[in-house]
file query-v8.txt (compact mmCIF, C-alpha atoms)
# COMPACT_ATOMS: atom_id res chain seq x y z
CA MET A 1 88.94 97.32 57.45
CA LYS A 2 89.01 96.71 61.20
CA LYS A 3 86.37 98.19 63.47
CA LYS A 4 87.90 100.07 66.40
CA VAL A 5 86.21 99.45 69.73
CA SER A 6 87.16 101.55 72.76
CA ILE A 7 86.40 99.82 76.08
CA VAL A 8 86.28 102.29 78.98
CA PHE A 9 86.31 101.47 82.71
CA GLY A 10 87.95 102.48 85.96
CA THR A 11 86.75 100.54 89.00
CA ARG A 12 87.51 96.96 89.97
CA PRO A 13 83.91 95.77 89.40
CA GLU A 14 83.91 97.39 85.95
CA ALA A 15 87.18 95.68 85.04
CA ILE A 16 85.86 92.34 86.28
CA LYS A 17 82.87 92.69 83.95
CA LEU A 18 84.61 94.05 80.86
CA CYS A 19 87.79 91.96 80.81
CA PRO A 20 85.86 88.93 79.43
CA VAL A 21 84.53 91.21 76.67
CA ILE A 22 88.05 92.38 75.84
CA LEU A 23 89.33 88.79 75.66
CA GLU A 24 86.44 87.88 73.36
CA ILE A 25 87.06 90.88 71.09
CA ARG A 26 90.69 89.80 70.77
CA LYS A 27 89.52 86.55 69.18
CA HIS A 28 88.14 88.45 66.18
CA PRO A 29 90.74 89.89 63.79
CA GLU A 30 88.11 92.20 62.26
CA LEU A 31 87.92 94.09 65.58
CA GLU A 32 90.60 96.25 67.18
CA PRO A 33 90.11 96.74 70.93
CA ARG A 34 91.49 99.83 72.65
CA VAL A 35 91.49 99.58 76.44
CA CYS A 36 90.90 102.94 78.14
CA VAL A 37 91.03 103.19 81.96
CA THR A 38 89.68 106.04 84.08
CA ALA A 39 91.39 104.58 87.16
CA GLN A 40 89.11 105.24 90.13
CA HIS A 41 90.43 102.09 91.86
CA ARG A 42 94.06 102.29 90.80
CA GLU A 43 95.59 99.46 92.82
CA MET A 44 92.57 97.14 92.72
CA LEU A 45 92.06 97.85 89.02
CA ASP A 46 95.66 96.93 88.20
CA GLN A 47 95.27 93.66 90.10
CA VAL A 48 92.33 92.62 87.90
CA LEU A 49 94.08 93.61 84.68
CA GLU A 50 97.12 91.58 85.72
CA VAL A 51 94.96 88.47 86.21
CA PHE A 52 93.65 88.78 82.63
CA SER A 53 97.05 89.83 81.19
CA ILE A 54 95.50 93.05 79.85
CA GLU A 55 97.55 96.24 79.49
CA PRO A 56 95.67 99.55 79.11
CA ASP A 57 96.27 101.36 75.84
CA ILE A 58 95.25 104.70 77.34
CA ASP A 59 95.17 105.90 80.95
CA LEU A 60 92.69 108.75 81.37
CA ASN A 61 93.36 109.12 85.10
CA LEU A 62 90.30 111.36 85.34
CA MET A 63 89.45 110.77 88.96
CA GLU A 64 89.94 113.15 91.86
CA GLU A 65 88.84 112.64 95.45
CA ASN A 66 85.18 113.51 96.13
CA GLN A 67 84.60 115.09 92.72
CA SER A 68 81.10 115.62 91.38
CA LEU A 69 79.67 114.22 88.15
CA ALA A 70 79.63 117.74 86.69
CA SER A 71 83.34 118.12 87.45
CA LEU A 72 84.14 114.69 86.05
CA ALA A 73 82.16 115.27 82.85
CA SER A 74 83.89 118.62 82.36
CA ARG A 75 87.31 117.02 82.73
CA ALA A 76 86.36 114.05 80.52
CA ILE A 77 85.32 116.47 77.78
CA SER A 78 87.96 119.18 77.97
CA GLU A 79 91.13 118.35 79.91
CA LEU A 80 94.43 117.40 78.26
CA ASP A 81 97.46 117.25 80.52
CA ILE A 82 100.16 115.00 79.09
CA TYR A 83 102.62 115.93 81.82
CA PHE A 84 100.43 114.28 84.44
CA LYS A 85 99.28 111.58 81.97
CA LYS A 86 95.71 112.87 82.21
CA VAL A 87 94.35 112.50 78.71
CA ALA A 88 90.79 113.70 78.14
CA PHE A 89 88.40 111.21 76.60
CA GLU A 90 87.44 113.72 73.91
CA GLU A 91 91.08 113.88 72.83
CA VAL A 92 91.24 110.09 72.82
CA CYS A 93 88.17 109.87 70.61
CA LEU A 94 89.56 112.47 68.22
CA LYS A 95 92.85 110.58 67.96
CA GLU A 96 91.49 107.02 67.91
CA ASN A 97 88.27 107.66 65.96
CA PRO A 98 86.60 104.52 67.35
CA ASP A 99 83.57 102.94 65.69
CA ALA A 100 82.10 102.15 69.10
CA VAL A 101 82.63 102.91 72.78
CA VAL A 102 81.75 100.23 75.35
CA VAL A 103 80.92 101.23 78.93
CA VAL A 104 79.52 99.24 81.84
CA GLY A 105 77.45 99.80 84.93
CA ASP A 106 76.59 103.00 86.72
CA VAL A 107 79.56 105.01 88.01
CA ASN A 108 80.14 108.68 87.17
CA SER A 109 82.79 107.96 84.55
CA THR A 110 80.37 105.62 82.75
CA VAL A 111 77.89 108.37 82.00
CA ALA A 112 80.58 111.01 81.44
CA CYS A 113 82.38 108.98 78.77
CA ALA A 114 79.10 107.87 77.17
CA LEU A 115 78.13 111.55 76.92
CA VAL A 116 81.45 112.48 75.29
CA ALA A 117 81.12 109.67 72.74
CA LYS A 118 77.51 110.49 71.90
CA LYS A 119 78.28 114.18 71.40
CA MET A 120 81.00 113.14 68.93
CA GLY A 121 78.70 110.87 66.94
CA ILE A 122 80.26 107.63 68.17
CA ARG A 123 77.97 104.69 68.88
CA VAL A 124 77.76 103.66 72.54
CA ALA A 125 77.28 100.16 73.95
CA HIS A 126 76.10 99.86 77.56
CA VAL A 127 76.79 96.57 79.32
CA GLU A 128 74.37 95.95 82.24
CA ALA A 129 71.69 98.14 80.68
CA GLY A 130 68.16 98.39 82.00
CA LEU A 131 68.80 97.70 85.69
CA ARG A 132 66.55 99.84 87.89
CA SER A 133 66.15 100.25 91.64
CA ARG A 134 63.46 102.98 91.27
CA ASP A 135 65.39 104.94 93.89
CA LEU A 136 66.42 108.32 92.49
CA SER A 137 68.23 109.18 95.71
CA MET A 138 70.94 106.76 94.52
CA PRO A 139 73.44 108.47 92.17
CA GLU A 140 73.91 105.11 90.45
CA GLU A 141 70.24 105.02 89.41
CA ILE A 142 70.51 108.39 87.68
CA ASN A 143 73.72 107.28 85.95
CA ARG A 144 72.03 104.10 84.68
CA MET A 145 69.08 105.98 83.25
CA VAL A 146 71.18 108.64 81.54
CA THR A 147 73.63 106.12 80.09
CA ASP A 148 70.79 104.00 78.72
CA THR A 149 69.31 107.08 77.06
CA LEU A 150 72.63 107.77 75.33
CA SER A 151 73.35 104.18 74.22
CA ASP A 152 72.86 102.54 70.83
CA TRP A 153 73.36 98.97 72.07
CA LEU A 154 71.69 98.05 75.35
CA PHE A 155 73.10 94.76 76.67
CA VAL A 156 70.73 93.36 79.30
CA THR A 157 71.56 90.86 82.07
CA GLU A 158 68.03 89.88 83.10
CA ARG A 159 64.55 90.08 81.57
CA SER A 160 63.40 92.84 83.93
CA GLY A 161 65.86 95.09 82.11
CA ILE A 162 64.05 94.53 78.82
CA GLN A 163 60.74 95.66 80.29
CA ASN A 164 62.37 98.66 81.98
CA LEU A 165 63.93 99.86 78.74
CA LYS A 166 60.78 99.32 76.69
CA GLY A 167 58.80 101.23 79.32
CA GLU A 168 61.23 104.14 78.93
CA GLY A 169 60.72 104.20 75.18
CA ARG A 170 63.96 102.64 74.05
CA PRO A 171 63.63 100.89 70.65
CA GLU A 172 63.40 97.11 70.73
CA THR A 173 66.11 96.88 68.05
CA ALA A 174 68.61 98.43 70.50
CA ILE A 175 67.83 96.00 73.35
CA HIS A 176 69.74 92.71 73.53
CA PHE A 177 69.30 90.08 76.26
CA VAL A 178 72.81 88.62 76.45
CA GLY A 179 73.23 87.31 80.00
CA ASN A 180 75.64 88.46 82.65
CA VAL A 181 79.34 89.20 82.08
CA MET A 182 79.85 89.16 85.87
CA ILE A 183 79.09 85.44 85.70
CA ASP A 184 81.45 85.00 82.73
CA ASN A 185 84.19 86.35 84.97
CA LEU A 186 83.09 84.24 87.94
CA TYR A 187 83.34 80.98 85.98
CA TYR A 188 86.66 82.05 84.44
CA GLN A 189 88.15 82.90 87.84
CA LEU A 190 86.90 79.69 89.45
CA ALA A 191 88.54 77.68 86.68
CA HIS A 192 91.85 79.50 87.28
CA LEU A 193 91.75 79.64 91.09
CA GLY A 194 94.91 78.20 92.59
CA ALA A 195 96.10 77.39 96.09
CA GLY A 196 98.29 80.49 95.97
CA ASP A 197 95.23 82.72 95.84
CA ALA A 198 94.23 82.11 99.45
CA GLY A 199 95.20 85.50 100.82
CA GLY A 200 95.31 84.14 104.35
CA GLU A 201 94.21 81.12 106.34
CA LYS A 202 90.85 79.66 105.27
CA PRO A 203 88.16 79.40 107.99
CA SER A 204 87.78 75.80 109.19
CA GLY A 205 84.02 75.79 109.94
CA PRO A 206 80.86 77.57 108.74
CA TYR A 207 81.25 81.32 108.45
CA ALA A 208 79.66 84.45 106.99
CA VAL A 209 81.25 87.11 104.78
CA LEU A 210 80.30 90.79 104.99
CA THR A 211 81.01 93.63 102.57
CA LEU A 212 79.79 97.17 103.09
CA HIS A 213 80.69 100.32 101.19
CA ARG A 214 77.63 102.32 100.08
CA PRO A 215 77.56 105.90 101.41
CA SER A 216 73.96 105.46 102.62
CA ASN A 217 75.14 102.63 104.91
CA VAL A 218 78.58 103.88 105.86
CA ASP A 219 78.69 107.67 105.98
CA GLY A 220 75.96 108.27 108.57
CA GLU A 221 77.24 107.34 112.03
CA GLU A 222 73.89 106.24 113.49
CA LYS A 223 73.04 103.91 110.60
CA PHE A 224 76.58 102.55 110.46
CA ARG A 225 76.62 101.77 114.18
CA GLU A 226 73.28 99.97 113.89
CA ILE A 227 74.55 97.73 111.07
CA MET A 228 77.79 97.04 112.93
CA GLU A 229 75.93 96.10 116.13
CA ALA A 230 73.82 93.65 114.09
CA THR A 231 77.08 92.23 112.70
CA VAL A 232 78.44 91.63 116.22
CA LYS A 233 75.25 89.79 117.18
CA ILE A 234 75.37 87.63 114.04
CA ALA A 235 79.00 86.81 114.77
CA ALA A 236 78.00 85.35 118.15
CA GLY A 237 76.28 82.57 116.20
CA LEU A 238 78.38 82.50 113.01
CA PRO A 239 81.86 84.00 112.66
CA VAL A 240 81.92 86.95 110.25
CA TYR A 241 84.85 87.68 107.93
CA PHE A 242 84.77 91.33 106.90
CA PRO A 243 87.12 92.60 104.14
CA VAL A 244 86.90 96.32 104.85
CA HIS A 245 86.55 98.83 102.03
CA PRO A 246 88.78 101.94 102.53
CA ARG A 247 85.68 104.15 102.92
CA THR A 248 84.32 101.81 105.59
CA ARG A 249 87.67 101.57 107.35
CA GLN A 250 87.68 105.34 107.79
CA GLN A 251 84.27 105.23 109.44
CA ILE A 252 85.25 102.36 111.74
CA GLU A 253 88.20 104.39 112.92
CA ALA A 254 86.19 107.62 113.19
CA THR A 255 83.50 105.97 115.35
CA GLY A 256 85.94 104.02 117.52
CA LEU A 257 84.32 100.69 116.60
CA GLU A 258 87.48 98.79 115.73
CA ARG A 259 87.94 97.19 119.16
CA ARG A 260 84.23 96.35 119.38
CA LEU A 261 84.30 94.62 115.98
CA ASP A 262 87.68 92.95 115.85
CA SER A 263 87.38 91.22 119.21
CA GLY A 264 86.89 87.56 118.50
CA ARG A 265 84.27 86.45 116.03
CA VAL A 266 84.20 89.47 113.70
CA HIS A 267 87.40 89.24 111.66
CA LEU A 268 88.37 92.58 110.13
CA LEU A 269 90.41 91.97 106.99
CA PRO A 270 92.10 94.38 104.58
CA ALA A 271 90.38 94.98 101.27
CA LEU A 272 91.18 91.83 99.27
CA PRO A 273 92.17 91.40 95.63
CA TYR A 274 89.47 89.60 93.68
CA LYS A 275 90.92 86.09 93.70
CA PRO A 276 91.53 85.88 97.47
CA PHE A 277 88.09 87.41 97.99
CA LEU A 278 86.51 84.82 95.69
CA ARG A 279 88.31 82.07 97.55
CA LEU A 280 86.84 83.44 100.79
CA PHE A 281 83.21 83.99 99.79
CA LYS A 282 82.68 80.98 97.50
CA ASP A 283 82.52 78.61 100.49
CA ALA A 284 80.67 80.93 102.87
CA ALA A 285 77.48 79.73 104.56
CA LEU A 286 76.06 83.26 104.22
CA VAL A 287 77.04 86.52 102.53
CA LEU A 288 75.86 89.93 103.75
CA THR A 289 76.47 92.82 101.37
CA ASP A 290 75.34 96.10 99.87
CA SER A 291 77.19 95.35 96.63
CA GLY A 292 75.42 94.83 93.33
CA GLY A 293 77.73 92.27 91.75
CA LEU A 294 77.92 90.10 94.86
CA GLN A 295 74.15 89.64 94.76
CA GLU A 296 74.65 88.08 91.32
CA GLU A 297 77.69 85.97 92.17
CA THR A 298 76.06 84.44 95.24
CA THR A 299 72.97 83.57 93.18
CA ALA A 300 75.17 81.86 90.57
CA LEU A 301 76.94 79.86 93.30
CA GLY A 302 73.80 79.07 95.34
CA ILE A 303 75.02 80.93 98.45
CA PRO A 304 72.37 82.59 100.68
CA CYS A 305 72.78 86.35 100.45
CA PHE A 306 71.39 89.16 102.59
CA THR A 307 71.38 92.49 100.75
CA ILE A 308 71.64 95.32 103.27
CA ARG A 309 69.60 97.82 101.28
CA GLU A 310 65.99 98.91 100.94
CA ASN A 311 65.88 98.09 97.22
CA THR A 312 67.82 96.32 94.48
CA GLU A 313 68.24 96.91 90.77
CA ARG A 314 68.80 93.16 90.33
CA PRO A 315 65.36 91.66 91.09
CA VAL A 316 66.14 88.33 89.40
CA THR A 317 68.50 87.52 92.28
CA ILE A 318 65.49 87.69 94.61
CA GLU A 319 62.82 86.25 92.31
CA GLU A 320 64.93 83.30 91.13
CA GLY A 321 68.15 83.36 93.12
CA THR A 322 69.37 83.11 96.69
CA ASN A 323 69.23 86.82 97.52
CA ARG A 324 67.04 88.37 100.21
CA LEU A 325 66.48 92.08 100.73
CA VAL A 326 66.79 92.61 104.50
CA GLY A 327 66.82 96.40 104.77
CA THR A 328 69.30 98.44 106.77
CA SER A 329 67.86 98.19 110.28
CA ALA A 330 69.33 95.88 112.90
CA GLU A 331 65.87 94.42 113.41
CA GLY A 332 65.48 93.45 109.76
CA ILE A 333 68.99 92.01 109.46
CA LEU A 334 68.74 89.99 112.67
CA SER A 335 65.23 88.73 111.89
CA ALA A 336 66.47 87.38 108.57
CA PHE A 337 69.44 85.79 110.31
CA GLU A 338 67.21 83.98 112.79
CA GLU A 339 65.25 82.51 109.89
CA PHE A 340 68.52 81.50 108.24
CA ARG A 341 69.68 79.77 111.44
CA SER A 342 66.41 77.86 111.64
CA GLY A 343 67.05 76.40 108.19
CA ASN A 344 64.84 78.72 106.14
CA SER A 345 67.50 80.04 103.75
CA LYS A 346 66.47 80.54 100.13
CA LYS A 347 67.03 77.80 97.58
CA GLY A 348 67.45 79.52 94.26
CA ARG A 349 68.42 78.66 90.72
CA VAL A 350 70.81 80.16 88.19
CA PRO A 351 68.93 82.69 86.02
CA GLU A 352 68.50 82.43 82.28
CA LEU A 353 71.63 82.97 80.15
CA TRP A 354 73.93 83.19 83.17
CA ASP A 355 76.04 80.54 81.47
CA GLY A 356 79.44 82.18 81.02
CA LYS A 357 78.80 83.15 77.38
CA ALA A 358 77.52 86.71 77.70
CA ALA A 359 80.74 88.21 76.28
CA GLU A 360 80.42 85.99 73.21
CA ARG A 361 76.89 87.27 72.59
CA ILE A 362 77.93 90.89 73.09
CA VAL A 363 80.78 90.68 70.60
CA SER A 364 78.63 88.83 68.08
CA ILE A 365 76.10 91.68 68.21
CA LEU A 366 78.83 94.31 67.87
CA LEU A 367 79.91 92.44 64.73
CA GLY A 368 76.36 92.68 63.38
CA ASN A 369 75.38 89.08 64.11
CA PRO A 370 72.54 89.19 66.67
CA GLY A 371 72.25 85.37 66.68

call {"tool": "encode", "arguments": {"input": "query-v8.txt", "output": "structure tokens"}}
result
Amino acid sequence: MKKKVSIVFGTRPEAIKLCPVILEIRKHPELEPRVCVTAQHREMLDQVLEVFSIEPDIDLNLMEENQSLASLASRAISELDIYFKKVAFEEVCLKENPDAVVVVGDVNSTVACALVAKKMGIRVAHVEAGLRSRDLSMPEEINRMVTDTLSDWLFVTERSGIQNLKGEGRPETAIHFVGNVMIDNLYYQLAHLGAGDAGGEKPSGPYAVLTLHRPSNVDGEEKFREIMEATVKIAAGLPVYFPVHPRTRQQIEATGLERRLDSGRVHLLPALPYKPFLRLFKDAALVLTDSGGLQEETTALGIPCFTIRENTERPVTIEEGTNRLVGTSAEGILSAFEEFRSGNSKKGRVPELWDGKAAERIVSILLGNPG
């Protein structure tokens, strides 16, 4: 009898990480994957699914603008509105009766759906388990900790995650060091990257790429202006290509910074689909970001990365990779850039098990073969 596995995700980064797992599950006739989307990033999510030729089986469409985790969890547990195609995850679990639910990362829907599954006696697998920033002011940190507490399989990307989970009392039998599905996707996309994925003219000389979207960096005007002024100064020495997240675009417009930024060497771009974005950042001389996944991708590709945050839940990218934590002040960012310009950029290595086979290991464990 086939084991039913429900894979639940809603943002573009989540889809990027779980699509390799779905493709691997499809290789095993004893497993039946059911793809469930929560659809936070509707357009960007659909773009990723199209690349992998994956059609959702169920569209939860749980997300509403600026909703709280409490609101989301309530809707995930109780709402059923067929007319608007909003199907509650509890109803899905009752109908599908899955043997396992797979979630990834640290967004609100991750913990909400893990909670629903656990309350219904369904085993939960958490991909990217054990990552910790130690910063409880970050909603993502709370979501990681709660999801790990609820999960039966804890799939870890780096060895620090093993120690974190053991320190929190999670049983060793639940913890599995499998590598990084983000890197599975990266290698897959690089192998399938075509000339038609350019998304615009490619820069001809050395350049930097910037991404910025975290509320702590974007929502406060003073902090946002400081980071943007640092960006302008960096661009005087190295052109900066800046695909702008919708949240960040709103703040640029609200603060009147558009003319200041897009006036020569800072190139404001629309938010890019993954393949054009990969084509842009894979050849960058430097990446500046507050993203989690981009810290990992730049380490895998050997690209110097400045993380514009005070902490990171991915310490292996600093300890072994090309990542550097530069803080959120203009002084810290520009000091790091001066070191970079003087030739002192980090020379890292690809971390253990970041070999493009994490999805294989995950599915093998779900089948009961820990390897």

call {"tool": "residues_around", "arguments": {"input": "query-v8.txt", "residues": "Pro13 of chain A", "least_positions_apart": "3", "cutoff": "10 Å", "atoms": "all atoms listed in the file", "output": "ChimeraX atom specification"}}
result
/A:9-10,16-18,41,44-45,48,104-105,182,274,291-294

call {"tool": "residues_around", "arguments": {"input": "query-v8.txt", "residues": "Ser263 of chain A", "least_positions_apart": "5", "cutoff": "10 Å", "atoms": "all atoms listed in the file", "output": "list of chain:residue names"}}
result
A:Val232, A:Glu258, A:Leu268

call {"tool": "residues_around", "arguments": {"input": "query-v8.txt", "residues": "Lys357 of chain A", "least_positions_apart": "6", "cutoff": "10 Å", "atoms": "all atoms listed in the file", "output": "short mmCIF file (atom, residue, chain, number, x, y, z; two decimals) with C-alpha atoms, in the frame of the given file"}}
result
data_model
loop_
_atom_site.label_atom_id
_atom_site.label_comp_id
_atom_site.auth_asym_id
_atom_site.auth_seq_id
_atom_site.Cartn_x
_atom_site.Cartn_y
_atom_site.Cartn_z
CA PRO A 20 85.86 88.93 79.43
CA VAL A 21 84.53 91.21 76.67
CA GLU A 24 86.44 87.88 73.36
CA VAL A 178 72.81 88.62 76.45
CA GLY A 179 73.23 87.31 80.00
CA ASN A 180 75.64 88.46 82.65
CA VAL A 181 79.34 89.20 82.08
CA ILE A 183 79.09 85.44 85.70
CA ASP A 184 81.45 85.00 82.73
CA ASN A 185 84.19 86.35 84.97
CA TYR A 187 83.34 80.98 85.98
#

call {"tool": "closest_residue", "arguments": {"input": "query-v8.txt", "among": "A:Leu154, A:Glu352, A:Val116, A:Arg225", "to": "Ile365 of chain A", "atoms": "only C-alpha atoms"}}
result
A:Leu154

call {"tool": "closest_residue", "arguments": {"input": "query-v8.txt", "among": "A:Arg12, A:Lys3, A:Arg132, A:Arg349", "to": "Arg26 of chain A", "atoms": "only C-alpha atoms"}}
result
A:Lys3

call {"tool": "closest_residue", "arguments": {"input": "query-v8.txt", "among": "A:Lys4, A:Val316, A:Leu23, A:Ser109", "to": "Gly161 of chain A", "atoms": "all atoms listed in the file"}}
result
A:Val316

call {"tool": "atom_distance", "arguments": {"input": "query-v8.txt", "atom1": "atom CA of Cys36 of chain A", "atom2": "atom CA of Glu360 of chain A"}}
result
20.5 Å

call {"tool": "atom_distance", "arguments": {"input": "query-v8.txt", "atom1": "atom CA of Val218 of chain A", "atom2": "atom CA of Thr248 of chain A"}}
result
6.1 Å

call {"tool": "decode", "arguments": {"input": "query-v8.txt", "residues": "segment 292-323 of chain A", "atoms": "N, CA and C atoms", "output": "compact mmCIF listing (two decimals), in the first residue's frame"}}
result
# COMPACT_ATOMS: atom_id res chain seq x y z
N GLY A 292 18.03 34.48 3.83
CA GLY A 292 18.68 33.29 4.36
C GLY A 292 19.24 32.41 3.26
N GLY A 293 18.41 32.08 2.28
CA GLY A 293 18.84 31.16 1.23
C GLY A 293 20.00 31.68 0.41
N LEU A 294 20.06 32.99 0.19
CA LEU A 294 21.12 33.56 -0.63
C LEU A 294 22.48 33.45 0.06
N GLN A 295 22.48 33.45 1.39
CA GLN A 295 23.73 33.19 2.11
C GLN A 295 24.28 31.81 1.73
N GLU A 296 23.38 30.86 1.58
CA GLU A 296 23.78 29.48 1.26
C GLU A 296 24.21 29.35 -0.20
N GLU A 297 23.44 29.96 -1.09
CA GLU A 297 23.75 29.83 -2.51
C GLU A 297 25.08 30.49 -2.86
N THR A 298 25.36 31.65 -2.26
CA THR A 298 26.64 32.30 -2.54
C THR A 298 27.81 31.48 -2.00
N THR A 299 27.62 30.86 -0.85
CA THR A 299 28.67 29.97 -0.32
C THR A 299 28.92 28.81 -1.27
N ALA A 300 27.85 28.21 -1.80
CA ALA A 300 28.02 27.08 -2.72
C ALA A 300 28.73 27.49 -4.00
N LEU A 301 28.53 28.74 -4.43
CA LEU A 301 29.12 29.22 -5.68
C LEU A 301 30.44 29.96 -5.46
N GLY A 302 30.85 30.15 -4.20
CA GLY A 302 32.11 30.84 -3.92
C GLY A 302 32.06 32.34 -4.14
N ILE A 303 30.86 32.95 -4.02
CA ILE A 303 30.70 34.39 -4.23
C ILE A 303 30.76 35.10 -2.87
N PRO A 304 31.59 36.13 -2.70
CA PRO A 304 31.58 36.88 -1.45
C PRO A 304 30.19 37.44 -1.16
N CYS A 305 29.77 37.29 0.08
CA CYS A 305 28.41 37.71 0.48
C CYS A 305 28.49 38.54 1.75
N PHE A 306 27.82 39.69 1.74
CA PHE A 306 27.64 40.49 2.95
C PHE A 306 26.20 40.30 3.42
N THR A 307 26.01 39.77 4.62
CA THR A 307 24.68 39.63 5.17
C THR A 307 24.36 40.84 6.04
N ILE A 308 23.34 41.59 5.63
CA ILE A 308 22.97 42.84 6.29
C ILE A 308 22.01 42.52 7.43
N ARG A 309 22.57 41.92 8.45
CA ARG A 309 21.83 41.53 9.65
C ARG A 309 22.81 41.51 10.83
N GLU A 310 22.27 41.45 12.03
CA GLU A 310 23.10 41.38 13.22
C GLU A 310 23.40 39.93 13.62
N ASN A 311 22.69 38.98 13.02
CA ASN A 311 22.90 37.57 13.34
C ASN A 311 22.49 36.72 12.14
N THR A 312 22.85 35.44 12.17
CA THR A 312 22.41 34.53 11.13
C THR A 312 22.15 33.17 11.74
N GLU A 313 21.13 32.50 11.23
CA GLU A 313 20.82 31.14 11.64
C GLU A 313 21.60 30.11 10.82
N ARG A 314 22.46 30.58 9.92
CA ARG A 314 23.23 29.70 9.05
C ARG A 314 24.73 29.92 9.27
N PRO A 315 25.23 29.57 10.46
CA PRO A 315 26.63 29.89 10.79
C PRO A 315 27.65 29.20 9.91
N VAL A 316 27.30 28.08 9.30
CA VAL A 316 28.28 27.39 8.45
C VAL A 316 28.69 28.25 7.26
N THR A 317 27.81 29.16 6.83
CA THR A 317 28.16 30.03 5.70
C THR A 317 29.24 31.03 6.08
N ILE A 318 29.36 31.31 7.37
CA ILE A 318 30.41 32.20 7.87
C ILE A 318 31.66 31.40 8.24
N GLU A 319 31.45 30.29 8.96
CA GLU A 319 32.57 29.49 9.46
C GLU A 319 33.33 28.81 8.33
N GLU A 320 32.61 28.37 7.30
CA GLU A 320 33.25 27.63 6.21
C GLU A 320 33.07 28.30 4.85
N GLY A 321 32.06 29.13 4.70
CA GLY A 321 31.73 29.67 3.40
C GLY A 321 32.24 31.08 3.17
N THR A 322 31.60 31.76 2.25
CA THR A 322 32.04 33.09 1.80
C THR A 322 31.25 34.23 2.42
N ASN A 323 30.41 33.91 3.40
CA ASN A 323 29.51 34.89 3.98
C ASN A 323 30.20 35.69 5.09
